[in-house]
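Engineer: So that you have it, the file is start_25.txt, and it contains compact mmCIF, C-alpha atoms and all ligand atoms:
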```
# COMPACT_ATOMS: atom_id res chain seq x y z
CA MET J 266 0.00 0.00 0.00
CA LYS J 267 1.45 3.35 -1.04
CA ILE J 268 1.27 6.11 1.56
CA ALA J 269 2.17 9.81 1.54
CA ILE J 270 2.92 11.41 4.91
CA LEU J 271 2.47 15.10 5.77
CA GLY J 272 4.40 15.97 8.94
CA MET J 273 7.66 14.63 10.30
CA GLY J 274 7.30 15.50 13.97
CA ALA J 275 6.88 13.03 16.83
CA VAL J 276 4.01 11.18 15.15
CA GLY J 277 5.35 11.21 11.57
CA ARG J 278 8.74 9.94 12.72
CA GLY J 279 7.17 7.25 14.92
CA LEU J 280 5.18 6.03 11.93
CA LEU J 281 8.23 6.02 9.65
CA GLU J 282 10.29 4.10 12.20
CA MET J 283 7.59 1.46 12.62
CA ALA J 284 7.06 1.22 8.83
CA ASP J 285 10.82 0.65 8.49
CA GLN J 286 11.09 -1.90 11.31
CA LYS J 287 7.94 -3.94 10.74
CA ASP J 288 6.92 -5.86 7.68
CA LEU J 289 3.66 -3.96 7.15
CA GLY J 290 3.73 -3.71 3.36
CA LEU J 291 3.79 0.10 3.47
CA VAL J 292 5.63 1.95 0.71
CA VAL J 293 6.19 5.67 1.38
CA THR J 294 5.91 7.52 -1.93
CA GLY J 295 5.65 11.08 -0.61
CA ILE J 296 6.66 12.99 2.49
CA ALA J 297 6.57 16.63 3.60
CA ASP J 298 7.48 18.78 6.55
CA SER J 299 6.88 22.53 6.90
CA LYS J 300 9.93 23.45 4.81
CA SER J 301 10.34 20.76 2.16
CA ALA J 302 8.98 17.63 0.53
CA LEU J 303 10.06 14.52 -1.34
CA MET J 304 8.26 12.15 -3.69
CA ASP J 305 9.21 8.92 -5.44
CA LYS J 306 6.61 6.58 -6.92
CA ASP J 307 8.89 3.58 -6.35
CA GLY J 308 9.31 4.32 -2.64
CA ILE J 309 11.43 6.62 -0.51
CA HIS J 310 14.27 5.14 1.58
CA ILE J 311 12.92 5.67 5.08
CA ASP J 312 16.27 5.49 6.90
CA GLU J 313 17.72 8.14 4.55
CA VAL J 314 14.83 10.55 5.02
CA LEU J 315 14.94 10.15 8.83
CA GLU J 316 18.67 10.83 8.76
CA ALA J 317 18.24 13.88 6.47
CA LYS J 318 15.62 15.31 8.83
CA ARG J 319 17.83 14.68 11.88
CA VAL J 320 20.93 16.22 10.33
CA HIS J 321 19.52 19.10 8.24
CA GLY J 322 16.15 19.79 9.90
CA PHE J 323 14.23 19.25 6.67
CA CYS J 324 13.29 16.08 4.82
CA GLY J 325 13.66 16.80 1.11
CA ASP J 326 13.52 19.31 -1.69
CA LYS J 327 12.87 22.89 -0.54
CA SER J 328 11.19 23.76 -3.85
CA LEU J 329 8.43 21.21 -3.06
CA SER J 330 5.73 21.45 -0.37
CA ALA J 331 2.92 19.45 1.20
CA VAL J 332 0.54 20.77 -1.48
CA ASP J 333 2.69 19.15 -4.21
CA ILE J 334 2.62 15.84 -2.36
CA VAL J 335 -1.16 15.93 -1.87
CA ASN J 336 -1.88 16.85 -5.47
CA HIS J 337 0.84 15.06 -7.44
CA ALA J 338 2.36 12.14 -5.51
CA ASP J 339 1.31 8.58 -6.35
CA TYR J 340 -0.32 7.20 -3.18
CA ASP J 341 -3.32 5.19 -1.94
CA VAL J 342 -3.58 6.82 1.48
CA LEU J 343 -2.67 10.29 2.69
CA VAL J 344 -1.41 10.21 6.29
CA GLU J 345 -1.96 13.71 7.65
CA VAL J 346 0.03 14.36 10.86
CA THR J 347 0.65 18.12 10.90
CA PRO J 348 -0.09 20.37 13.93
CA THR J 349 -3.67 20.87 15.13
CA ASN J 350 -5.40 24.17 14.48
CA ALA J 351 -8.60 23.94 16.52
CA THR J 352 -10.06 27.19 15.17
CA THR J 353 -9.99 26.62 11.42
CA GLY J 354 -8.55 23.12 10.99
CA GLU J 355 -6.19 24.58 8.37
CA PRO J 356 -3.99 23.90 6.51
CA ALA J 357 -4.73 20.24 7.24
CA LEU J 358 -8.39 20.63 6.28
CA THR J 359 -7.45 21.70 2.74
CA PHE J 360 -4.86 18.89 2.43
CA ILE J 361 -7.47 16.32 3.47
CA ARG J 362 -10.19 17.71 1.19
CA SER J 363 -7.84 17.74 -1.78
CA ALA J 364 -6.77 14.13 -1.18
CA LEU J 365 -10.39 12.94 -0.84
CA GLU J 366 -11.30 14.81 -4.03
CA ARG J 367 -8.50 12.89 -5.78
CA GLY J 368 -10.17 9.68 -4.58
CA LYS J 369 -7.47 8.94 -2.00
CA HIS J 370 -8.08 7.49 1.47
CA VAL J 371 -7.06 9.64 4.43
CA VAL J 372 -5.74 8.73 7.88
CA THR J 373 -5.12 11.57 10.32
CA SER J 374 -4.10 12.19 13.93
CA ASN J 375 -5.10 15.85 13.59
CA LYS J 376 -8.12 16.83 15.72
CA GLY J 377 -8.70 20.21 14.01
CA PRO J 378 -10.26 19.12 10.69
CA ILE J 379 -12.28 16.28 12.28
CA ALA J 380 -13.69 18.41 15.09
CA ARG J 381 -14.51 21.25 12.68
CA LYS J 382 -15.75 19.52 9.52
CA TYR J 383 -16.44 15.86 10.25
CA SER J 384 -19.72 15.56 8.34
CA LEU J 385 -18.38 17.43 5.30
CA LEU J 386 -15.25 15.25 5.14
CA GLN J 387 -17.27 12.08 5.68
CA SER J 388 -19.66 12.91 2.84
CA LEU J 389 -16.75 13.84 0.57
CA ALA J 390 -15.12 10.47 1.33
CA GLU J 391 -18.42 8.65 0.59
CA LYS J 392 -18.87 10.56 -2.67
CA HIS J 393 -15.43 9.43 -3.85
CA GLY J 394 -15.70 5.86 -2.54
CA VAL J 395 -12.84 6.21 -0.07
CA SER J 396 -12.39 6.23 3.69
CA ILE J 397 -11.33 8.85 6.22
CA ARG J 398 -10.11 7.40 9.51
CA PHE J 399 -8.92 9.22 12.62
CA GLU J 400 -8.36 6.72 15.44
CA ALA J 401 -5.30 8.65 16.68
CA THR J 402 -7.25 11.86 17.32
CA VAL J 403 -8.85 10.52 20.52
CA CYS J 404 -7.07 8.60 23.32
CA GLY J 405 -3.84 7.94 21.37
CA ALA J 406 -3.12 4.23 21.37
CA ILE J 407 -6.54 3.13 22.73
CA PRO J 408 -8.56 1.73 19.80
CA VAL J 409 -11.74 3.53 20.80
CA MET J 410 -12.98 4.25 17.26
CA HIS J 411 -12.40 0.67 16.11
CA THR J 412 -14.22 -0.59 19.21
CA LEU J 413 -17.16 1.73 18.62
CA THR J 414 -17.51 1.15 14.89
CA GLN J 415 -16.57 -2.54 14.60
CA GLY J 416 -16.52 -4.31 17.96
CA LEU J 417 -19.71 -2.71 19.27
CA ALA J 418 -21.53 -2.62 15.92
CA GLY J 419 -25.25 -3.23 16.48
CA ASN J 420 -25.15 -1.77 19.98
CA ARG J 421 -26.89 1.45 20.82
CA VAL J 422 -24.35 3.67 22.56
CA LEU J 423 -26.08 5.50 25.40
CA ALA J 424 -23.26 7.60 26.83
CA VAL J 425 -19.53 8.12 26.76
CA PHE J 426 -17.29 9.27 29.62
CA GLY J 427 -13.55 9.75 29.56
CA VAL J 428 -10.27 11.03 30.85
CA LEU J 429 -9.17 12.39 27.49
CA ASN J 430 -6.26 14.68 28.39
CA GLY J 431 -3.05 13.16 29.77
CA THR J 432 -1.48 16.47 30.83
CA SER J 433 -4.40 17.42 33.11
CA ASN J 434 -4.50 13.92 34.51
CA TYR J 435 -0.78 14.04 35.29
CA ILE J 436 -1.20 17.38 37.13
CA LEU J 437 -4.16 16.07 39.18
CA THR J 438 -2.31 12.86 40.01
CA ARG J 439 0.72 14.80 41.27
CA MET J 440 -1.41 17.25 43.28
CA GLU J 441 -3.13 14.27 44.90
CA ALA J 442 -0.04 12.10 45.52
CA GLU J 443 2.42 14.77 46.73
CA GLY J 444 0.15 17.57 47.91
CA LEU J 445 1.63 19.87 45.21
CA THR J 446 -0.15 23.09 44.30
CA TYR J 447 -1.56 23.40 40.77
CA GLU J 448 1.35 25.69 39.81
CA GLN J 449 3.98 23.27 41.18
CA ALA J 450 2.41 20.29 39.40
CA LEU J 451 2.17 22.24 36.13
CA LEU J 452 5.85 23.20 36.38
CA GLU J 453 6.74 19.55 36.93
CA ALA J 454 4.59 18.51 33.94
CA ARG J 455 6.48 21.04 31.80
CA GLU J 456 9.85 19.75 33.01
CA MET J 457 8.78 16.18 32.18
CA GLY J 458 7.77 17.28 28.67
CA TYR J 459 4.06 16.48 29.30
CA ALA J 460 2.87 20.09 29.13
CA GLU J 461 3.41 22.63 26.36
CA ALA J 462 4.99 26.04 27.08
CA ASP J 463 1.41 27.32 26.70
CA PRO J 464 -0.72 24.71 28.51
CA THR J 465 -4.03 26.55 28.00
CA TYR J 466 -5.64 23.93 25.76
CA ASP J 467 -4.86 21.12 28.18
CA VAL J 468 -5.58 22.66 31.60
CA LYS J 469 -8.65 24.64 30.54
CA GLY J 470 -10.30 21.49 29.21
CA ILE J 471 -10.30 22.58 25.55
CA ASP J 472 -8.29 19.62 24.24
CA ALA J 473 -10.60 17.19 26.07
CA ALA J 474 -13.64 19.06 24.71
CA ILE J 475 -12.36 18.79 21.10
CA LYS J 476 -11.95 15.03 21.57
CA LEU J 477 -15.44 14.81 23.09
CA VAL J 478 -16.84 16.56 20.00
CA ILE J 479 -15.07 14.02 17.75
CA LEU J 480 -16.38 11.08 19.81
CA SER J 481 -19.96 12.41 19.93
CA ASN J 482 -20.10 13.21 16.23
CA THR J 483 -18.70 9.79 15.32
CA ILE J 484 -20.95 7.80 17.66
CA TRP J 485 -24.24 9.60 17.11
CA GLY J 486 -23.70 11.29 13.73
CA LEU J 487 -24.15 14.67 15.40
CA ASP J 488 -22.82 17.95 14.09
CA THR J 489 -21.61 19.42 17.38
CA VAL J 490 -18.71 21.87 17.57
CA LEU J 491 -16.38 22.96 20.34
CA GLU J 492 -18.64 25.89 21.24
CA ASP J 493 -21.44 23.42 22.15
CA VAL J 494 -19.38 21.93 25.00
CA GLU J 495 -19.76 23.24 28.55
CA ILE J 496 -16.14 23.46 29.73
CA THR J 497 -14.49 23.89 33.13
CA GLY J 498 -10.74 23.25 33.36
CA ILE J 499 -8.52 22.21 36.25
CA ASP J 500 -6.62 25.49 36.54
CA CYS J 501 -8.68 26.73 39.50
CA LEU J 502 -8.46 23.51 41.53
CA THR J 503 -6.79 23.78 44.92
CA THR J 504 -4.81 21.24 46.90
CA ASP J 505 -7.53 21.63 49.59
CA ALA J 506 -10.21 20.39 47.16
CA LEU J 507 -8.17 17.24 46.52
CA ARG J 508 -7.55 16.80 50.26
CA LEU J 509 -11.29 17.07 51.00
CA ALA J 510 -12.01 14.46 48.32
CA ASP J 511 -9.28 12.26 49.81
CA ASP J 512 -10.98 12.39 53.23
CA GLN J 513 -13.92 10.56 51.61
CA ASN J 514 -11.66 8.06 49.83
CA CYS J 515 -12.34 9.95 46.59
CA THR J 516 -10.24 11.95 44.17
CA ILE J 517 -10.78 14.48 41.35
CA ARG J 518 -10.40 13.83 37.63
CA LEU J 519 -11.16 15.95 34.55
CA ILE J 520 -14.07 14.04 33.04
CA ALA J 521 -15.49 14.54 29.56
CA GLN J 522 -19.06 13.27 29.24
CA SER J 523 -21.58 13.06 26.44
CA ILE J 524 -25.13 11.86 27.13
CA PRO J 525 -27.29 13.05 24.20
CA SER J 526 -30.58 11.79 25.70
CA ARG J 527 -30.04 14.22 28.61
CA GLY J 528 -28.47 17.00 26.52
CA VAL J 529 -25.15 16.63 28.37
CA LEU J 530 -21.94 17.60 26.55
CA ARG J 531 -19.50 18.62 29.25
CA VAL J 532 -15.88 18.65 30.39
CA SER J 533 -15.39 19.37 34.11
CA PRO J 534 -13.49 18.24 37.21
CA ARG J 535 -15.52 15.53 38.98
CA ILE J 536 -15.16 13.86 42.37
CA LEU J 537 -14.89 10.09 41.90
CA PRO J 538 -14.31 7.17 44.31
CA LYS J 539 -10.66 6.11 44.11
CA ALA J 540 -11.74 2.66 42.91
CA HIS J 541 -13.71 4.11 39.95
CA PRO J 542 -12.48 2.72 36.58
CA LEU J 543 -11.85 6.23 35.24
CA VAL J 544 -9.43 7.05 38.08
CA VAL J 545 -6.24 6.42 36.13
CA GLU J 546 -2.79 7.64 37.05
CA GLY J 547 -0.27 9.96 35.38
CA THR J 548 -0.62 10.64 31.66
CA LEU J 549 -2.93 7.67 31.01
CA ASN J 550 -6.25 8.12 29.22
CA ALA J 551 -9.44 6.16 29.91
CA VAL J 552 -12.80 5.96 28.22
CA THR J 553 -16.07 4.32 29.29
CA ILE J 554 -18.70 3.48 26.70
CA GLU J 555 -22.23 2.71 27.92
CA THR J 556 -24.23 0.52 25.55
CA ASP J 557 -27.60 -1.26 25.46
CA MET J 558 -26.30 -4.80 24.76
CA ALA J 559 -22.68 -4.90 25.91
CA GLY J 560 -23.30 -2.83 29.04
CA GLU J 561 -20.38 -0.73 30.22
CA ILE J 562 -16.91 -1.06 28.69
CA THR J 563 -13.86 0.84 29.93
CA MET J 564 -10.55 1.02 28.08
CA ILE J 565 -7.35 2.41 29.56
CA GLY J 566 -4.09 3.19 27.78
CA LYS J 567 -1.52 5.66 26.59
CA GLY J 568 -3.12 8.80 25.18
CA ALA J 569 -0.03 10.15 23.43
CA GLY J 570 3.52 9.36 22.37
CA SER J 571 5.31 8.89 19.10
CA VAL J 572 5.06 5.12 18.66
CA GLU J 573 1.77 4.87 20.61
CA THR J 574 0.11 7.29 18.19
CA ALA J 575 1.74 5.50 15.25
CA SER J 576 0.03 2.33 16.54
CA ALA J 577 -3.39 3.95 16.06
CA ILE J 578 -2.45 5.22 12.58
CA ILE J 579 -1.17 1.82 11.51
CA GLY J 580 -4.42 0.22 12.75
CA ASP J 581 -6.33 2.59 10.44
CA LEU J 582 -3.98 1.84 7.52
CA MET J 583 -4.38 -1.91 7.99
CA PHE J 584 -8.17 -1.49 8.10
CA ILE J 585 -8.12 0.34 4.76
CA ARG J 586 -5.80 -2.28 3.25
CA ASP J 587 -8.16 -5.07 4.33
CA HIS J 588 -11.41 -3.38 3.29
CA TYR J 589 -10.64 -1.69 -0.01
CA ALA J 590 -9.53 -3.48 -3.15
CA GLY J 591 -6.36 -2.14 -4.76
CA CYS J 592 -4.81 -1.07 -1.46
CA HIS J 593 -2.22 -3.86 -1.22
N1 LIG M 1 2.39 13.70 19.73
C1 LIG M 1 1.40 12.95 20.13
O1 LIG M 1 1.56 12.13 21.03
C2 LIG M 1 0.05 13.06 19.47
C3 LIG M 1 -0.98 12.18 19.87
C4 LIG M 1 -2.21 12.23 19.21
C5 LIG M 1 -2.41 13.18 18.21
N2 LIG M 1 -1.41 14.04 17.89
C6 LIG M 1 -1.65 15.00 16.80
O2 LIG M 1 -0.87 14.59 15.69
C7 LIG M 1 -0.41 15.72 14.95
C8 LIG M 1 1.11 15.67 14.89
O3 LIG M 1 1.63 15.70 16.20
P1 LIG M 1 3.20 15.77 16.47
O4 LIG M 1 3.37 15.62 17.93
O5 LIG M 1 3.93 14.87 15.54
O6 LIG M 1 3.50 17.29 16.06
P2 LIG M 1 4.92 17.98 15.86
O7 LIG M 1 5.98 17.21 16.57
O8 LIG M 1 4.74 19.41 16.16
O9 LIG M 1 5.20 17.81 14.28
C9 LIG M 1 4.43 18.44 13.31
C10 LIG M 1 5.05 18.19 11.95
O10 LIG M 1 4.24 18.80 10.97
C11 LIG M 1 5.07 19.57 10.09
N3 LIG M 1 4.31 20.65 9.50
C12 LIG M 1 3.88 21.80 10.06
N4 LIG M 1 3.20 22.52 9.16
C13 LIG M 1 3.23 21.82 8.00
C14 LIG M 1 2.72 22.06 6.69
N5 LIG M 1 2.05 23.18 6.40
N6 LIG M 1 2.97 21.13 5.74
C15 LIG M 1 3.66 20.00 6.02
N7 LIG M 1 4.15 19.72 7.23
C16 LIG M 1 3.94 20.63 8.21
C17 LIG M 1 6.21 20.05 10.97
O11 LIG M 1 7.29 20.40 10.13
P3 LIG M 1 8.74 20.82 10.69
O12 LIG M 1 9.38 19.53 11.14
O13 LIG M 1 9.41 21.40 9.51
O14 LIG M 1 8.50 21.79 11.81
C18 LIG M 1 6.45 18.80 11.80
O15 LIG M 1 7.30 17.91 11.12
C19 LIG M 1 -0.96 16.95 15.69
O16 LIG M 1 -2.15 17.36 15.05
C20 LIG M 1 -1.23 16.44 17.09
O17 LIG M 1 -2.26 17.15 17.74
C21 LIG M 1 -0.19 13.99 18.48
```
Please re-express this file's structure in structure tokens.

Structural biologist:
Amino acid sequence: MKIAILGMGAVGRGLLEMADQKDLGLVVTGIADSKSALMDKDGIHIDEVLEAKRVHGFCGDKSLSAVDIVNHADYDVLVEVTPTNATTGEPALTFIRSALERGKHVVTSNKGPIARKYSLLQSLAEKHGVSIRFEATVCGAIPVMHTLTQGLAGNRVLAVFGVLNGTSNYILTRMEAEGLTYEQALLEAREMGYAEADPTYDVKGIDAAIKLVILSNTIWGLDTVLEDVEITGIDCLTTDALRLADDQNCTIRLIAQSIPSRGVLRVSPRILPKAHPLVVEGTLNAVTIETDMAGEITMIGKGAGSVETASAIIGDLMFIRDHYAGCH
């Protein structure tokens, strides 16, 4: 299966390394970063492109760009792993639309385009007889989308609850375990590389809300957007609040919940018994799906990371290979 990859950051590199190490039948025919691009219909040497990026900071020819790869490279699937723009979804949204219009499948880890234009992209994919898959956008390595769309097919999903942001969860875990203040725990999260220099999206609940929008739209075919979510972050939580919860053998977690029958679409800190399945530690993610036949299912796993996210992308690629003729 021929793939073109846009983005050579943590996720793009993780995918390239796994494609190189494992016998997955993936041939990379196009690749781009923000400054350059490379295409070869017979396949790019992955080790050489990784080395070029490491040494020079760019992957290929500076006269080429991602747009050239999308529109002219010879590929079956576009793997879109550029940075998230939650406001417009661009430029990823245009890359994805162009690939779908060329009749190419798309796999992305980018929340922006899916949270903003899911129904448009889905109908474009249907019109052109291809697939758009985005397992890596929610809960990293946890195969929540596969579980919802394949494993739980035929079930009616009643509600979904989750710890969808690893950075917030790490901060809460450290406040609880060591009695750190919010500011101290945030500083530690930054030092550990879990929090961005600007942690607003994570600690104010916006990242979790974007993922909740993606989950809700996928499960129930809704057309919700970020602005529909009621959001409270963890940035005002005090050590005293966690201590009070602890006195009752409880703790606090940032919980995203969607219950359409009750009109609930919310991200907020919630007090939970310590034995609750959603009380996970550190940067882990967890998601509970409530269904009519299967009952309640909770999955726990790594919500981010280079190879962990590549795992979700590869799952999507293998799905496309197995379900569409001509992709192997
Ligand atoms: N990291 C994770 O654990 C994780 C988990 C789940 C989802 N995601 C999502 O996956 C995506 C990629 O994450 P990441 O951590 O790999 O990001 P990253 O390390 O910041 O890398 C982004 C890559 O995209 C390239 N890029 C930026 N603008 C571009 C453009 N216009 N055309 C082509 N390439 C462009 C950058 O080029 P340069 O190298 O030239 O700067 C860089 O190689 C993001 O949307 C993120 O939210 C990440």

Engineer: Counting all atoms listed in the file, which protein, DNA or RNA residues come within 9 Å of ligand LIG 1 (chain M), given as a PyMOL selection string?

Structural biologist: chain J and resi 270-279+296-302+318+322-324+330-332+345-350+355-357+360+373-377+401-406+568-575+577

Engineer: Residues at most 9 Å from Ala390 of chain J, counting only C-alpha atoms, excluding those fewer than 2 positions away in the same chain, as a list in words?

Structural biologist: Arg362, Leu365, Glu366, Gly368, Lys369, His370, Val371, Leu385, Leu386, Gln387, Ser388, Lys392, His393, Gly394, Val395, Ser396 and Ile397 of chain J

Engineer: Between J:Glu400, J:Asp493, J:Asp512, J:Asp463, which has the minimum distance to Glu441 of chain J (counting only C-alpha atoms)?

Structural biologist: J:Asp512

Engineer: Find the nearest atom pair between each residue of segment 499-532 of chain J and segment 423-431 of chain J for residues within 10 Å, count all atoms listed in the file, give distances in Å to one decimal, sort rows by chain and ascending number, and present the table as a tab-separated table.

Structural biologist:
```
residue	atom	partner	partner_atom	distance
J:Arg518	CA	J:Val428	CA	7.3
J:Leu519	CA	J:Val428	CA	6.2
J:Ile520	CA	J:Val428	CA	5.3
J:Ala521	CA	J:Gly427	CA	5.2
J:Gln522	CA	J:Phe426	CA	4.4
J:Ser523	CA	J:Val425	CA	5.4
J:Ile524	CA	J:Ala424	CA	4.7
J:Pro525	CA	J:Ala424	CA	7.3
J:Ser526	CA	J:Leu423	CA	7.7
J:Arg527	CA	J:Ala424	CA	9.6
J:Val529	CA	J:Ala424	CA	9.4
J:Leu530	CA	J:Val425	CA	9.8
J:Arg531	CA	J:Phe426	CA	9.6
J:Val532	CA	J:Gly427	CA	9.2
```

Engineer: Could you check the closest approach to Thr446 of chain J for each of J:Tyr340, J:Leu303, J:Asn550, J:Ala506 and tell me which residue wins, using only C-alpha atoms?

Structural biologist: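 Going through J:Tyr340, J:Leu303, J:Asn550, J:Ala506 one by one, the smallest distance to Thr446 of chain J is for J:Ala506.
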
Engineer: Using only C-alpha atoms, which of the listed residues (J:Thr438, J:Asn420, J:Thr548, J:Thr432) sits closest to Glu561 of chain J?

Structural biologist: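 The answer is J:Asn420, which sits nearest to Glu561 of chain J.
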
Engineer: Considering all atoms listed in the file, return as a ChimeraX atom specification whatever protein or nucleic-acid residues lie within 8 Å of segment 541-543 of chain J, sequence-local ones (same chain, fewer than 3 positions apart) excluded.

Structural biologist: /J:427-428,537-538,551-553,563

Engineer: Can you tell me how far atom CA of Gln513 of chain J sits from atom CA of Leu445 of chain J, in Å to one decimal?

Structural biologist: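 Distance between the two atoms: 19.2 Å.
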
Engineer: Give as a list in words each residue that has an atom at most 12 Å from (-6.7, 25.5, 29.9) in the file, counting all atoms listed in the file.

Structural biologist: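 I get Asn430, Thr432, Ser433, Leu451, Ala460, Glu461, Asp463, Pro464, Thr465, Tyr466, Asp467, Val468, Lys469, Gly470, Ile471, Asp472, Ala473, Ala474, Ile496, Thr497, Gly498, Ile499, Asp500, Cys501, Leu502, Leu519, Val532 and Ser533 of chain J for the residues within 12 Å of that point.
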
Engineer: Go through J:Pro378, J:Gly308, J:Gly566, J:Gly295 one by one, measure the shortest atom-to-atom distance of each to Val344 of chain J using only C-alpha atoms, and give the residue with the smallest value.

Structural biologist: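 For Val344 of chain J, the nearest of the candidates is J:Gly295.
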
Engineer: Mind giving me the straight-line distance from atom CA of Tyr435 of chain J to atom CA of Ile565 of chain J in Å, one decimal?

Structural biologist: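 Between these atoms lies a distance of 14.5 Å.
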
Engineer: Can you work out which one of J:Ala269, J:Val494, J:Ile536, J:Leu389 has the shortest atom-to-atom distance to Asn514 of chain J, counting all atoms listed in the file?

Structural biologist: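 Of J:Ala269, J:Val494, J:Ile536, J:Leu389, the one nearest Asn514 of chain J is J:Ile536, counting all atoms listed in the file.
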
Engineer: Between atom CA of Thr489 of chain J and atom CA of Gly528 of chain J, what is the distance, to one decimal in Å?

Structural biologist: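 Atom CA of Gly528 of chain J lies at a distance of 11.7 Å from atom CA of Thr489 of chain J.
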
Engineer: Could you check the closest approach to Glu313 of chain J for each of J:Glu495, J:Glu282, J:Asp339, J:Asp505 and tell me which residue wins, using only C-alpha atoms?

Structural biologist: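 Comparing J:Glu495, J:Glu282, J:Asp339, J:Asp505 against Glu313 of chain J, the winner is J:Glu282.
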
Engineer: Neighbours of Gly290 of chain J within 10 Å (all atoms listed in the file; same-chain residues fewer than 3 positions away dropped), as a list in words?

Structural biologist: Met266, Lys267, Ala284, Asp285, Lys287, Val293, Met583, Arg586 and His593 of chain J

Engineer: Mind checking which residues fall within 8 Å of Asp581 of chain J, counting all atoms listed in the file, ignoring those fewer than 5 positions away in the same chain, and posting them as a list in words?

Structural biologist: Val372, Arg398, Phe399 and Glu400 of chain J
